[in-house]
file run09.txt (compact mmCIF, C-alpha atoms and all ligand atoms)
# COMPACT_ATOMS: atom_id res chain seq x y z
CA MET A 167 79.93 86.86 77.94
CA ASP A 168 79.14 88.88 74.80
CA VAL A 169 75.40 88.49 75.41
CA ALA A 170 75.77 90.73 78.49
CA LEU A 171 77.46 93.53 76.56
CA SER A 172 75.55 96.52 75.22
CA LYS A 173 76.21 97.85 71.73
CA ASP A 174 78.32 100.65 73.24
CA ASP A 175 80.34 98.19 75.31
CA ARG A 176 81.02 96.09 72.23
CA ALA A 177 82.13 99.21 70.34
CA PHE A 178 84.39 100.10 73.28
CA ALA A 179 85.91 96.61 73.30
CA GLU A 180 86.57 96.87 69.57
CA GLN A 181 88.19 100.29 70.06
CA MET A 182 90.52 98.81 72.70
CA ARG A 183 91.33 95.78 70.54
CA GLU A 184 92.14 98.07 67.60
CA PHE A 185 94.42 100.17 69.81
CA PHE A 186 96.32 97.21 71.20
CA ILE A 187 96.85 95.43 67.90
CA THR A 188 97.91 98.58 66.03
CA GLU A 189 99.94 100.50 68.64
CA ILE A 190 101.79 97.77 70.57
CA PRO A 191 104.66 96.33 68.46
CA SER A 192 103.69 93.01 66.89
CA ASP A 193 107.01 91.34 67.74
CA ILE A 194 106.22 91.75 71.44
CA ARG A 195 102.68 90.41 71.04
CA GLU A 196 103.77 87.48 68.89
CA ARG A 197 106.27 86.30 71.50
CA LEU A 198 103.66 86.46 74.25
CA ALA A 199 101.15 84.63 72.05
CA ARG A 200 103.63 81.74 71.87
CA GLY A 201 103.56 81.55 75.67
CA GLU A 202 106.90 83.32 76.27
CA HIS A 203 107.40 85.84 79.10
CA ALA A 204 107.64 89.56 78.41
CA THR A 205 111.04 91.10 79.11
CA ARG A 206 111.50 94.15 81.32
CA ASP A 207 111.98 96.41 78.29
CA GLU A 208 108.89 95.02 76.55
CA ILE A 209 106.75 95.68 79.62
CA VAL A 210 108.10 99.23 79.95
CA THR A 211 107.75 99.94 76.22
CA SER A 212 104.10 98.85 76.10
CA GLN A 213 103.22 100.67 79.33
CA ARG A 214 104.71 103.92 77.95
CA ILE A 215 102.77 103.57 74.70
CA MET A 216 99.57 103.02 76.70
CA ASN A 217 100.35 105.94 78.99
CA ALA A 218 100.97 108.26 76.03
CA HIS A 219 97.40 107.43 74.93
CA GLY A 220 95.96 107.78 78.44
CA LEU A 221 95.45 104.02 78.72
CA ALA A 222 97.99 102.83 81.30
CA VAL A 223 96.09 103.55 84.54
CA PRO A 224 92.37 103.93 83.76
CA HIS A 225 91.37 102.87 87.29
CA TRP A 226 93.30 105.75 88.91
CA PRO A 227 91.64 109.10 89.76
CA VAL A 228 91.14 111.15 86.59
CA GLU A 229 93.46 113.96 87.75
CA TRP A 230 96.32 111.42 87.87
CA GLY A 231 95.74 109.85 84.47
CA GLY A 232 92.67 107.73 85.21
CA ARG A 233 89.59 107.49 83.02
CA ASP A 234 86.02 107.97 84.04
CA TRP A 235 85.11 104.51 82.83
CA SER A 236 82.48 102.08 84.03
CA PRO A 237 83.65 98.85 85.69
CA ILE A 238 82.69 97.01 82.51
CA GLN A 239 84.86 99.30 80.40
CA ARG A 240 87.78 98.77 82.79
CA HIS A 241 87.27 95.05 82.51
CA LEU A 242 87.09 95.20 78.71
CA TRP A 243 90.30 97.24 78.60
CA ALA A 244 92.13 94.57 80.64
CA GLU A 245 90.54 91.72 78.74
CA GLN A 246 91.34 93.10 75.28
CA MET A 247 94.91 93.79 76.42
CA THR A 248 95.39 90.18 77.49
CA LEU A 249 93.61 88.72 74.46
CA ALA A 250 95.87 90.82 72.18
CA HIS A 251 98.89 89.39 74.08
CA VAL A 252 100.01 92.80 75.29
CA PRO A 253 102.18 92.81 78.44
CA THR A 254 100.19 94.01 81.44
CA PRO A 255 101.51 97.34 82.81
CA ILE A 256 103.75 96.82 85.87
CA VAL A 257 101.26 95.54 88.41
CA PHE A 258 103.27 96.88 91.38
CA ASN A 259 102.98 100.37 89.89
CA THR A 260 99.49 100.45 88.49
CA ALA A 261 97.47 98.09 90.70
CA MET A 262 99.40 98.38 93.97
CA VAL A 263 101.40 101.44 95.02
CA GLY A 264 99.77 103.90 92.59
CA PRO A 265 96.25 103.54 94.02
CA VAL A 266 97.65 103.61 97.59
CA ILE A 267 99.53 106.88 96.99
CA ALA A 268 96.56 108.34 95.10
CA THR A 269 94.17 107.44 97.96
CA PHE A 270 96.26 107.92 101.10
CA GLY A 271 99.41 109.86 100.09
CA SER A 272 100.18 113.56 100.58
CA GLN A 273 99.91 115.99 97.65
CA GLU A 274 103.74 116.09 97.54
CA LEU A 275 103.98 112.30 97.24
CA LYS A 276 101.30 112.25 94.56
CA GLU A 277 103.08 114.87 92.46
CA ARG A 278 106.46 113.29 92.98
CA PHE A 279 105.53 109.69 92.25
CA LEU A 280 102.25 109.22 90.38
CA PRO A 281 103.23 110.53 86.89
CA ALA A 282 106.51 108.57 86.94
CA THR A 283 104.71 105.48 88.26
CA ALA A 284 102.09 105.61 85.49
CA ASN A 285 104.78 106.02 82.83
CA ALA A 286 107.00 103.21 84.15
CA ASP A 287 109.83 105.70 84.70
CA ILE A 288 110.02 104.03 88.11
CA TRP A 289 109.78 100.23 88.46
CA TRP A 290 108.29 99.51 91.87
CA SER A 291 108.81 96.36 93.91
CA GLN A 292 106.56 95.11 96.68
CA GLY A 293 108.31 94.65 100.03
CA PHE A 294 105.70 92.97 102.21
CA SER A 295 106.65 89.29 102.83
CA GLU A 296 109.51 88.29 105.13
CA PRO A 297 111.04 84.89 105.95
CA ASN A 298 108.69 84.48 108.93
CA ALA A 299 105.88 86.73 107.82
CA GLY A 300 104.04 85.53 104.72
CA SER A 301 100.51 84.39 105.52
CA ASP A 302 100.93 85.92 108.95
CA LEU A 303 102.09 89.19 107.42
CA ALA A 304 101.44 91.25 110.54
CA SER A 305 104.34 89.41 112.25
CA LEU A 306 106.79 91.29 110.03
CA LYS A 307 109.99 92.38 111.76
CA THR A 308 111.70 94.87 109.45
CA THR A 309 112.05 97.99 111.57
CA ALA A 310 112.03 101.69 110.73
CA VAL A 311 113.31 103.76 113.62
CA ARG A 312 112.66 107.50 113.49
CA ASP A 313 115.82 109.61 113.66
CA GLY A 314 115.09 113.32 113.14
CA ASP A 315 113.82 113.81 109.57
CA THR A 316 114.60 110.22 108.59
CA TYR A 317 113.81 106.60 109.32
CA VAL A 318 116.59 104.04 109.66
CA VAL A 319 115.47 100.71 108.20
CA ASN A 320 116.84 97.27 109.11
CA GLY A 321 115.53 93.84 108.16
CA GLN A 322 114.78 91.50 105.25
CA LYS A 323 112.02 91.03 102.69
CA THR A 324 111.63 87.92 100.57
CA TRP A 325 109.89 86.60 97.43
CA THR A 326 110.22 90.13 96.03
CA THR A 327 109.10 89.78 92.42
CA TYR A 328 111.41 91.41 89.84
CA ALA A 329 113.39 93.22 92.55
CA GLN A 330 116.27 92.92 90.08
CA TYR A 331 114.45 95.56 88.00
CA GLY A 332 113.26 97.60 90.97
CA ASP A 333 114.09 101.30 91.25
CA TRP A 334 111.95 101.81 94.35
CA ILE A 335 110.29 99.47 96.81
CA PHE A 336 107.16 100.09 98.88
CA CYS A 337 107.63 98.40 102.22
CA LEU A 338 105.65 97.51 105.29
CA VAL A 339 107.89 98.32 108.24
CA ARG A 340 107.46 98.16 112.01
CA THR A 341 107.50 101.66 113.47
CA ASP A 342 106.04 100.83 116.91
CA PRO A 343 107.34 97.53 118.31
CA ALA A 344 105.31 98.02 121.52
CA ALA A 345 101.92 98.27 119.76
CA GLN A 346 99.66 95.30 119.00
CA LYS A 347 101.01 93.67 115.76
CA GLN A 348 98.81 95.33 113.12
CA ARG A 349 98.88 98.71 114.87
CA GLY A 350 102.66 99.24 114.75
CA ILE A 351 103.14 98.97 110.98
CA SER A 352 103.80 101.80 108.49
CA PHE A 353 103.96 102.04 104.67
CA LEU A 354 107.31 103.44 103.54
CA LEU A 355 108.71 104.20 100.07
CA ILE A 356 112.41 103.31 99.74
CA ASP A 357 114.89 104.07 96.95
CA MET A 358 116.47 100.71 96.11
CA ARG A 359 119.71 102.45 95.19
CA ALA A 360 120.08 103.83 98.73
CA PRO A 361 123.20 102.58 100.56
CA GLY A 362 122.45 99.43 102.59
CA VAL A 363 119.90 97.86 100.19
CA THR A 364 121.01 94.48 98.76
CA VAL A 365 119.07 92.27 96.31
CA ARG A 366 119.78 88.52 96.13
CA PRO A 367 118.02 86.37 93.48
CA ILE A 368 116.15 83.09 94.20
CA ARG A 369 116.19 80.49 91.38
CA LEU A 370 112.77 78.94 90.71
CA ILE A 371 111.69 75.45 89.63
CA ASP A 372 111.06 76.62 86.03
CA GLY A 373 114.71 77.76 85.83
CA GLY A 374 113.87 81.47 85.85
CA VAL A 375 114.81 84.23 88.27
CA GLU A 376 111.61 86.01 89.10
CA VAL A 377 111.80 86.50 92.86
CA ASN A 378 114.47 87.78 95.22
CA GLU A 379 115.47 88.46 98.78
CA VAL A 380 115.97 92.13 99.67
CA PHE A 381 118.10 93.10 102.66
CA PHE A 382 118.09 96.47 104.46
CA GLU A 383 121.07 97.40 106.59
CA ASN A 384 120.87 100.81 108.27
CA VAL A 385 119.11 102.27 105.23
CA VAL A 386 118.39 105.96 105.78
CA VAL A 387 114.97 106.95 104.36
CA PRO A 388 113.67 110.55 104.37
CA ALA A 389 110.60 110.67 106.66
CA ASP A 390 108.54 112.41 103.96
CA GLN A 391 108.54 109.09 102.07
CA LEU A 392 106.05 107.72 104.57
CA VAL A 393 102.61 107.20 102.98
CA GLY A 394 99.70 108.47 105.07
CA GLU A 395 100.06 108.30 108.83
CA GLU A 396 102.67 106.47 110.88
CA ASN A 397 101.36 103.11 112.22
CA LYS A 398 98.40 103.10 109.81
CA GLY A 399 100.22 100.99 107.20
CA TRP A 400 98.08 97.93 107.84
CA THR A 401 94.97 99.78 106.62
CA TYR A 402 96.75 100.76 103.40
CA ALA A 403 98.10 97.22 102.97
CA LYS A 404 94.62 95.71 103.22
CA PHE A 405 93.38 98.17 100.59
CA LEU A 406 96.31 97.22 98.32
CA LEU A 407 95.85 93.47 98.80
CA GLY A 408 92.14 93.77 97.98
CA ASN A 409 93.04 95.43 94.65
CA GLU A 410 95.76 92.85 94.04
CA ARG A 411 93.33 89.97 94.52
CA THR A 412 90.75 91.44 92.16
CA SER A 413 93.42 91.84 89.47
CA ASN A 414 94.62 88.28 90.16
CA ALA A 415 91.39 86.76 88.82
CA GLY A 416 93.27 86.55 85.50
CA VAL A 417 90.25 85.74 83.31
CA GLY A 418 92.11 86.79 80.14
CA ILE A 419 95.05 84.51 81.03
CA VAL A 420 92.70 81.52 81.31
CA LYS A 421 90.96 82.44 78.04
CA ASN A 422 94.27 82.65 76.18
CA ARG A 423 95.33 79.27 77.54
CA ILE A 424 92.00 77.73 76.56
CA ALA A 425 92.40 79.17 73.05
CA ARG A 426 95.86 77.59 72.79
CA VAL A 427 94.49 74.27 74.06
CA LYS A 428 91.84 74.37 71.32
CA ARG A 429 94.40 75.20 68.63
CA LEU A 430 96.55 72.26 69.71
CA ALA A 431 93.89 69.69 70.59
CA GLY A 432 93.20 68.36 67.04
CA PRO A 433 91.32 65.03 67.15
CA LEU A 434 91.13 65.22 70.96
CA LEU A 435 88.27 67.65 70.45
CA ASP A 436 86.16 64.67 69.34
CA ASP A 437 86.84 62.83 72.57
CA PRO A 438 83.80 63.23 74.88
CA LEU A 439 85.82 63.11 78.10
CA PHE A 440 88.26 65.72 76.84
CA ARG A 441 85.42 67.91 75.57
CA ALA A 442 83.70 67.68 78.95
CA ARG A 443 86.89 68.75 80.75
CA LEU A 444 87.43 71.64 78.35
CA THR A 445 83.79 72.76 78.46
CA ARG A 446 83.71 72.74 82.26
CA LEU A 447 86.81 74.94 82.32
CA GLU A 448 85.25 77.33 79.81
CA VAL A 449 81.96 77.56 81.70
CA GLU A 450 83.72 78.18 85.00
CA THR A 451 85.82 80.88 83.35
CA ILE A 452 82.65 82.64 82.19
CA ALA A 453 81.23 82.34 85.72
CA LEU A 454 84.43 83.90 87.10
CA GLU A 455 84.20 86.71 84.57
CA MET A 456 80.63 87.48 85.66
CA SER A 457 81.80 87.53 89.29
CA VAL A 458 84.63 89.93 88.44
CA LEU A 459 82.10 92.30 86.87
CA ARG A 460 79.86 92.07 89.93
CA VAL A 461 82.76 92.85 92.28
CA LEU A 462 83.84 95.79 90.12
CA ALA A 463 80.27 97.12 90.07
CA ARG A 464 80.07 96.85 93.89
CA GLU A 465 83.41 98.57 94.24
CA ALA A 466 81.97 101.69 92.60
CA SER A 467 79.37 101.95 95.37
CA LEU A 468 81.86 101.55 98.29
CA PRO A 469 83.67 104.54 99.84
CA PRO A 470 87.19 104.88 98.33
CA GLY A 471 89.76 102.79 100.16
CA THR A 472 87.29 100.18 101.48
CA PRO A 473 88.68 96.63 101.10
CA ASP A 474 86.16 94.19 99.62
CA PRO A 475 86.57 90.63 100.96
CA VAL A 476 84.82 89.25 97.86
CA SER A 477 88.07 89.90 95.99
CA SER A 478 89.37 86.81 97.87
CA VAL A 479 86.85 84.65 95.99
CA LEU A 480 88.16 85.97 92.68
CA LYS A 481 91.79 85.35 93.64
CA LEU A 482 90.99 81.84 94.85
CA ARG A 483 88.91 80.76 91.86
CA GLY A 484 91.03 82.64 89.32
CA SER A 485 94.25 80.99 90.44
CA GLU A 486 92.62 77.55 90.39
CA LEU A 487 91.38 78.05 86.82
CA GLN A 488 94.74 79.46 85.66
CA GLN A 489 96.40 76.33 87.03
CA GLU A 490 93.81 74.02 85.49
CA ALA A 491 94.32 75.64 82.08
CA SER A 492 98.12 75.31 82.33
CA GLU A 493 97.69 71.63 83.24
CA LEU A 494 95.33 71.04 80.31
CA LEU A 495 97.86 72.61 77.96
CA VAL A 496 100.56 70.18 79.14
CA ASP A 497 98.15 67.22 78.81
CA VAL A 498 97.19 68.21 75.27
CA LEU A 499 100.82 68.49 74.22
CA GLY A 500 101.60 65.06 75.64
CA PRO A 501 105.29 64.10 75.18
CA SER A 502 105.97 67.33 73.24
CA ALA A 503 105.55 69.22 76.51
CA LEU A 504 108.75 67.55 77.70
CA ALA A 505 110.82 69.13 74.91
CA TYR A 506 113.79 71.21 76.00
CA ARG A 507 114.39 74.57 74.39
CA GLU A 508 117.77 73.36 73.08
CA SER A 509 116.14 70.48 71.22
CA THR A 510 113.79 72.60 69.09
CA ALA A 511 115.94 72.32 65.92
CA VAL A 512 113.89 69.94 63.79
CA PRO A 513 115.76 67.12 62.01
CA ASP A 514 114.72 66.26 58.43
CA GLY A 515 111.60 64.16 58.25
CA PHE A 516 110.22 65.28 61.61
CA ASP A 517 107.33 67.67 62.21
CA PRO A 518 108.20 70.81 64.13
CA LEU A 519 107.08 70.90 67.75
CA PRO A 520 103.62 72.37 68.27
CA GLU A 521 103.38 76.10 68.98
CA GLY A 522 104.54 76.99 72.50
CA ALA A 523 105.45 73.40 73.38
CA VAL A 524 108.74 74.27 75.05
CA ASP A 525 107.10 76.81 77.33
CA ALA A 526 104.14 74.67 78.41
CA LEU A 527 105.85 72.71 81.18
CA PRO A 528 107.85 75.64 82.63
CA THR A 529 104.59 77.62 82.61
CA TYR A 530 102.81 74.77 84.40
CA PHE A 531 105.52 74.74 87.10
CA ASN A 532 105.74 78.52 87.25
CA TRP A 533 101.99 78.81 87.72
CA ARG A 534 102.05 76.82 90.95
CA LYS A 535 102.82 80.27 92.35
CA ALA A 536 99.32 81.55 91.66
CA SER A 537 97.81 79.72 94.63
CA ILE A 538 100.55 81.07 96.92
CA TYR A 539 101.15 84.72 96.05
CA ALA A 540 98.78 87.57 96.90
CA GLY A 541 97.90 85.53 100.01
CA SER A 542 97.77 81.73 99.74
CA ASN A 543 94.49 80.07 98.79
CA GLU A 544 94.12 78.58 102.27
CA VAL A 545 94.33 82.10 103.65
CA GLN A 546 91.75 83.32 101.11
CA ARG A 547 89.41 80.59 102.38
CA GLN A 548 89.94 81.88 105.94
CA ILE A 549 89.05 85.43 104.82
CA ILE A 550 85.95 84.18 102.97
CA ALA A 551 84.88 82.14 106.02
CA LYS A 552 85.29 85.04 108.44
CA ALA A 553 84.37 88.12 106.42
CA ILE A 554 81.70 86.74 104.06
CA LEU A 555 80.26 83.55 105.58
CA LYS A 556 80.68 84.96 109.15
CA PHE A 557 81.98 81.69 110.65
C1 LIG B 1 106.05 83.74 92.78
C2 LIG B 1 105.82 84.54 94.03
C3 LIG B 1 105.94 85.90 93.98
C4 LIG B 1 105.78 86.66 95.15
N1 LIG B 1 105.99 88.01 95.06
C5 LIG B 1 105.95 88.75 96.19
C6 LIG B 1 106.30 90.14 96.16
O1 LIG B 1 106.63 90.70 95.11
N2 LIG B 1 106.28 90.81 97.31
C7 LIG B 1 105.93 90.25 98.51
O2 LIG B 1 105.89 90.94 99.52
N3 LIG B 1 105.61 88.93 98.58
C8 LIG B 1 105.61 88.17 97.45
N4 LIG B 1 105.31 86.82 97.50
C9 LIG B 1 105.09 86.22 98.81
C10 LIG B 1 103.71 85.69 99.04
O3 LIG B 1 102.80 86.71 99.33
C11 LIG B 1 103.82 84.65 100.18
O4 LIG B 1 104.56 83.56 99.67
C12 LIG B 1 102.49 84.18 100.68
O5 LIG B 1 101.85 85.21 101.37
C13 LIG B 1 102.63 82.94 101.59
O6 LIG B 1 103.55 83.16 102.60
P1 LIG B 1 104.76 82.14 102.87
O7 LIG B 1 105.44 81.85 101.58
O8 LIG B 1 105.59 82.70 103.97
O9 LIG B 1 104.08 80.78 103.34
P2 LIG B 1 103.54 80.44 104.79
O10 LIG B 1 102.76 81.58 105.32
O11 LIG B 1 104.68 79.94 105.61
O12 LIG B 1 102.53 79.27 104.47
C14 LIG B 1 102.98 77.91 104.27
C15 LIG B 1 101.75 77.05 104.03
O13 LIG B 1 100.89 77.08 105.19
C16 LIG B 1 99.57 77.49 104.84
N5 LIG B 1 99.02 78.37 105.88
C17 LIG B 1 99.63 79.40 106.48
N6 LIG B 1 98.81 79.98 107.39
C18 LIG B 1 97.65 79.28 107.36
C19 LIG B 1 96.42 79.38 108.05
N7 LIG B 1 96.22 80.34 108.95
N8 LIG B 1 95.45 78.48 107.76
C20 LIG B 1 95.63 77.52 106.83
N9 LIG B 1 96.79 77.37 106.14
C21 LIG B 1 97.77 78.24 106.40
C22 LIG B 1 99.75 78.29 103.56
O14 LIG B 1 98.58 78.29 102.78
C23 LIG B 1 100.88 77.54 102.87
O15 LIG B 1 100.37 76.43 102.18
C24 LIG B 1 105.44 86.05 96.36
C25 LIG B 1 105.28 84.65 96.41
C26 LIG B 1 105.46 83.91 95.27
C27 LIG B 1 105.30 82.41 95.34
call {"tool": "encode", "arguments": {"input": "run09.txt", "output": "structure tokens"}}
result
Amino acid sequence: MDVALSKDDRAFAEQMREFFITEIPSDIRERLARGEHATRDEIVTSQRIMNAHGLAVPHWPVEWGGRDWSPIQRHLWAEQMTLAHVPTPIVFNTAMVGPVIATFGSQELKERFLPATANADIWWSQGFSEPNAGSDLASLKTTAVRDGDTYVVNGQKTWTTYAQYGDWIFCLVRTDPAAQKQRGISFLLIDMRAPGVTVRPIRLIDGGVEVNEVFFENVVVPADQLVGEENKGWTYAKFLLGNERTSNAGVGIVKNRIARVKRLAGPLLDDPLFRARLTRLEVETIALEMSVLRVLAREASLPPGTPDPVSSVLKLRGSELQQEASELLVDVLGPSALAYRESTAVPDGFDPLPEGAVDALPTYFNWRKASIYAGSNEVQRQIIAKAILKF
């Protein structure tokens, strides 16, 4: 990748690296480097440090804290952040609702929400999926019925990531049940502390609680918390999902996992079959990185708010490579990957477990999610077939 970078780009990357390794507390970065998850407070702390330096939301409009950076600079910012093991700013804030409000929201909504969203003073959750509306999102049934200056919301969302931390939730709601599916949906901002909102956790296969169900029972929402126009929510959702898929390429995540694989591989590195597997993963990661840069460069030439179906390719390939890297890590660790956290005390005469061993298998299981969320990979293939290959 470095061969494609100009001298200025390399200097920029170095400036970012320097910032991340000096300003973000090392205890946070060391934990993430071992493969552990960032806590809520660690994510908020790092985002606030970045925001104080004007580095939390560089892809937003400049007047709302964005930077007039090239796509390559934006990419280098994200890459150096991941490589320095800095928690990514809250994706629901920075990559999802922030750009939607900045592009489609009223001036009042922008002033009310964007500064707090950039600074992680609000933790946003994403209320799109429902029990019978995941891939077929436009079938969603949560209703918002207009009543004077308010909407009354009833229904259920599911798989809501980190809703246990959520202060506010941006929801797709049905405002016109008579209209054709996509045409009756609106984009509504809801205070999760409002009466009638209930969050129920879902336990995952890795043992963690990362996703939740969110119930709405006669929740009264001021009508001025509608983003854009009523019944135009599907347009805003497509814009958001396009951004989400570009950010889900996760090149830095794959690179970090490959680096850990190399640190742990030892004599396996001399095995030609292993080397071939590792090299193929590395080459495909570089190819993905080049594609990310191309998509970002194209994005600059599209009118604001235009969804780019090529982002589906990045989501599809990125999630596959993230999963491959997590599988390789488990394979390299061999039996050590089966270690339980409780058994990490090392008896006399035994070597300690390799770095990150206890997190490798939970990470492998946890990362099965990557081919499901942000639109499953089968659905990405449908989008690619229809919108790009024109089948
Ligand atoms: C860890 C995790 C976090 C998530 N976080 C959030 C969140 O914060 N907010 C939110 O709103 N949602 C979230 N989601 C939900 C996610 O977007 C949905 O799970 C996803 O869209 C798939 O929907 P579904 O689970 O209902 O599966 P279904 O749509 O029921 O799909 C089941 C299977 O059928 C396949 N399938 C469905 N339709 C087609 C088709 N037309 N052609 C071919 N195959 C098809 C799918 O690929 C899948 O394999 C999260 C999901 C996960 C796993």
call {"tool": "closest_residue", "arguments": {"input": "run09.txt", "among": "A:Val458, A:Ile215, A:Val319, A:Leu482", "to": "ligand LIG 1 (chain B)", "atoms": "only C-alpha atoms and all ligand atoms"}}
result
A:Leu482
call {"tool": "atom_distance", "arguments": {"input": "run09.txt", "atom1": "CA of Val393 (chain A)", "atom2": "CA of Asn298 (chain A)"}}
result
24.3 Å
call {"tool": "residues_near_ligand", "arguments": {"input": "run09.txt", "ligand": "ligand LIG 1 (chain B)", "cutoff": "10 Å", "atoms": "all atoms listed in the file", "output": "MDAnalysis selection string"}}
result
chainID A and resid 257:258 290:303 323:329 335:338 370 375:379 407 532:549
call {"tool": "residues_around", "arguments": {"input": "run09.txt", "residues": "Ala503 (chain A)", "least_positions_apart": "5", "cutoff": "7 Å", "atoms": "only C-alpha atoms", "output": "JSON, numbers by chain"}}
result
{"A": [496, 523, 524, 526, 527]}
call {"tool": "residues_around", "arguments": {"input": "run09.txt", "residues": "Val387 (chain A)", "least_positions_apart": "3", "cutoff": "12 Å", "atoms": "only C-alpha atoms", "output": "PyMOL selection string"}}
result
chain A and resi 309-320+334-337+339+354-363+382-384+390-392
call {"tool": "write_last_selection", "arguments": {"input": "run09.txt", "atoms": "C-alpha atoms", "output": "PDB file, keeping the file's coordinate frame"}}
result
ATOM      1  CA  THR A 309     112.050  97.990 111.570  1.00  0.00           C
ATOM      2  CA  ALA A 310     112.030 101.690 110.730  1.00  0.00           C
ATOM      3  CA  VAL A 311     113.310 103.760 113.620  1.00  0.00           C
ATOM      4  CA  ARG A 312     112.660 107.500 113.490  1.00  0.00           C
ATOM      5  CA  ASP A 313     115.820 109.610 113.660  1.00  0.00           C
ATOM      6  CA  GLY A 314     115.090 113.320 113.140  1.00  0.00           C
ATOM      7  CA  ASP A 315     113.820 113.810 109.570  1.00  0.00           C
ATOM      8  CA  THR A 316     114.600 110.220 108.590  1.00  0.00           C
ATOM      9  CA  TYR A 317     113.810 106.600 109.320  1.00  0.00           C
ATOM     10  CA  VAL A 318     116.590 104.040 109.660  1.00  0.00           C
ATOM     11  CA  VAL A 319     115.470 100.710 108.200  1.00  0.00           C
ATOM     12  CA  ASN A 320     116.840  97.270 109.110  1.00  0.00           C
ATOM     13  CA  TRP A 334     111.950 101.810  94.350  1.00  0.00           C
ATOM     14  CA  ILE A 335     110.290  99.470  96.810  1.00  0.00           C
ATOM     15  CA  PHE A 336     107.160 100.090  98.880  1.00  0.00           C
ATOM     16  CA  CYS A 337     107.630  98.400 102.220  1.00  0.00           C
ATOM     17  CA  VAL A 339     107.890  98.320 108.240  1.00  0.00           C
ATOM     18  CA  LEU A 354     107.310 103.440 103.540  1.00  0.00           C
ATOM     19  CA  LEU A 355     108.710 104.200 100.070  1.00  0.00           C
ATOM     20  CA  ILE A 356     112.410 103.310  99.740  1.00  0.00           C
ATOM     21  CA  ASP A 357     114.890 104.070  96.950  1.00  0.00           C
ATOM     22  CA  MET A 358     116.470 100.710  96.110  1.00  0.00           C
ATOM     23  CA  ARG A 359     119.710 102.450  95.190  1.00  0.00           C
ATOM     24  CA  ALA A 360     120.080 103.830  98.730  1.00  0.00           C
ATOM     25  CA  PRO A 361     123.200 102.580 100.560  1.00  0.00           C
ATOM     26  CA  GLY A 362     122.450  99.430 102.590  1.00  0.00           C
ATOM     27  CA  VAL A 363     119.900  97.860 100.190  1.00  0.00           C
ATOM     28  CA  PHE A 382     118.090  96.470 104.460  1.00  0.00           C
ATOM     29  CA  GLU A 383     121.070  97.400 106.590  1.00  0.00           C
ATOM     30  CA  ASN A 384     120.870 100.810 108.270  1.00  0.00           C
ATOM     31  CA  ASP A 390     108.540 112.410 103.960  1.00  0.00           C
ATOM     32  CA  GLN A 391     108.540 109.090 102.070  1.00  0.00           C
ATOM     33  CA  LEU A 392     106.050 107.720 104.570  1.00  0.00           C
TER      34      LEU A 392
END
call {"tool": "residues_around", "arguments": {"input": "run09.txt", "residues": "region 186-202 of chain A", "least_positions_apart": "3", "cutoff": "8 Å", "atoms": "all atoms listed in the file", "output": "VMD selection string"}}
result
chain A and resid 182 to 183 208 212 215 246 to 247 250 to 253 521 to 522 525 to 526
call {"tool": "atom_distance", "arguments": {"input": "run09.txt", "atom1": "CA of Glu274 (chain A)", "atom2": "CA of Thr260 (chain A)"}}
result
18.6 Å
call {"tool": "residues_around", "arguments": {"input": "run09.txt", "residues": "Ala463 (chain A)", "least_positions_apart": "3", "cutoff": "9 Å", "atoms": "only C-alpha atoms", "output": "ChimeraX atom specification"}}
result
/A:236-238,458-460,466-467
call {"tool": "closest_residue", "arguments": {"input": "run09.txt", "among": "A:Leu430, A:Ala286, A:Ala415, A:Ala345", "to": "Asp497 (chain A)", "atoms": "all atoms listed in the file"}}
result
A:Leu430
call {"tool": "closest_residue", "arguments": {"input": "run09.txt", "among": "A:Glu396, A:Asp287, A:Glu184, A:Glu490", "to": "Thr341 (chain A)", "atoms": "all atoms listed in the file"}}
result
A:Glu396
call {"tool": "closest_residue", "arguments": {"input": "run09.txt", "among": "A:Phe440, A:Trp235, A:Phe353, A:Tyr331", "to": "Ile267 (chain A)", "atoms": "only C-alpha atoms"}}
result
A:Phe353
call {"tool": "atom_distance", "arguments": {"input": "run09.txt", "atom1": "CA of Ser502 (chain A)", "atom2": "CA of Thr451 (chain A)"}}
result
26.3 Å
call {"tool": "closest_residue", "arguments": {"input": "run09.txt", "among": "A:Thr364, A:Gln346, A:Asn259, A:Asn285", "to": "Val210 (chain A)", "atoms": "only C-alpha atoms"}}
result
A:Asn285
call {"tool": "closest_residue", "arguments": {"input": "run09.txt", "among": "A:Gln348, A:Gln213, A:Gln488, A:Gln322", "to": "Gly418 (chain A)", "atoms": "all atoms listed in the file"}}
result
A:Gln488
call {"tool": "residues_around", "arguments": {"input": "run09.txt", "residues": "Glu448 (chain A)", "least_positions_apart": "3", "cutoff": "8 Å", "atoms": "all atoms listed in the file", "output": "NGL selection string"}}
result
:A and (421 or 424 or 444-445 or 451-452)
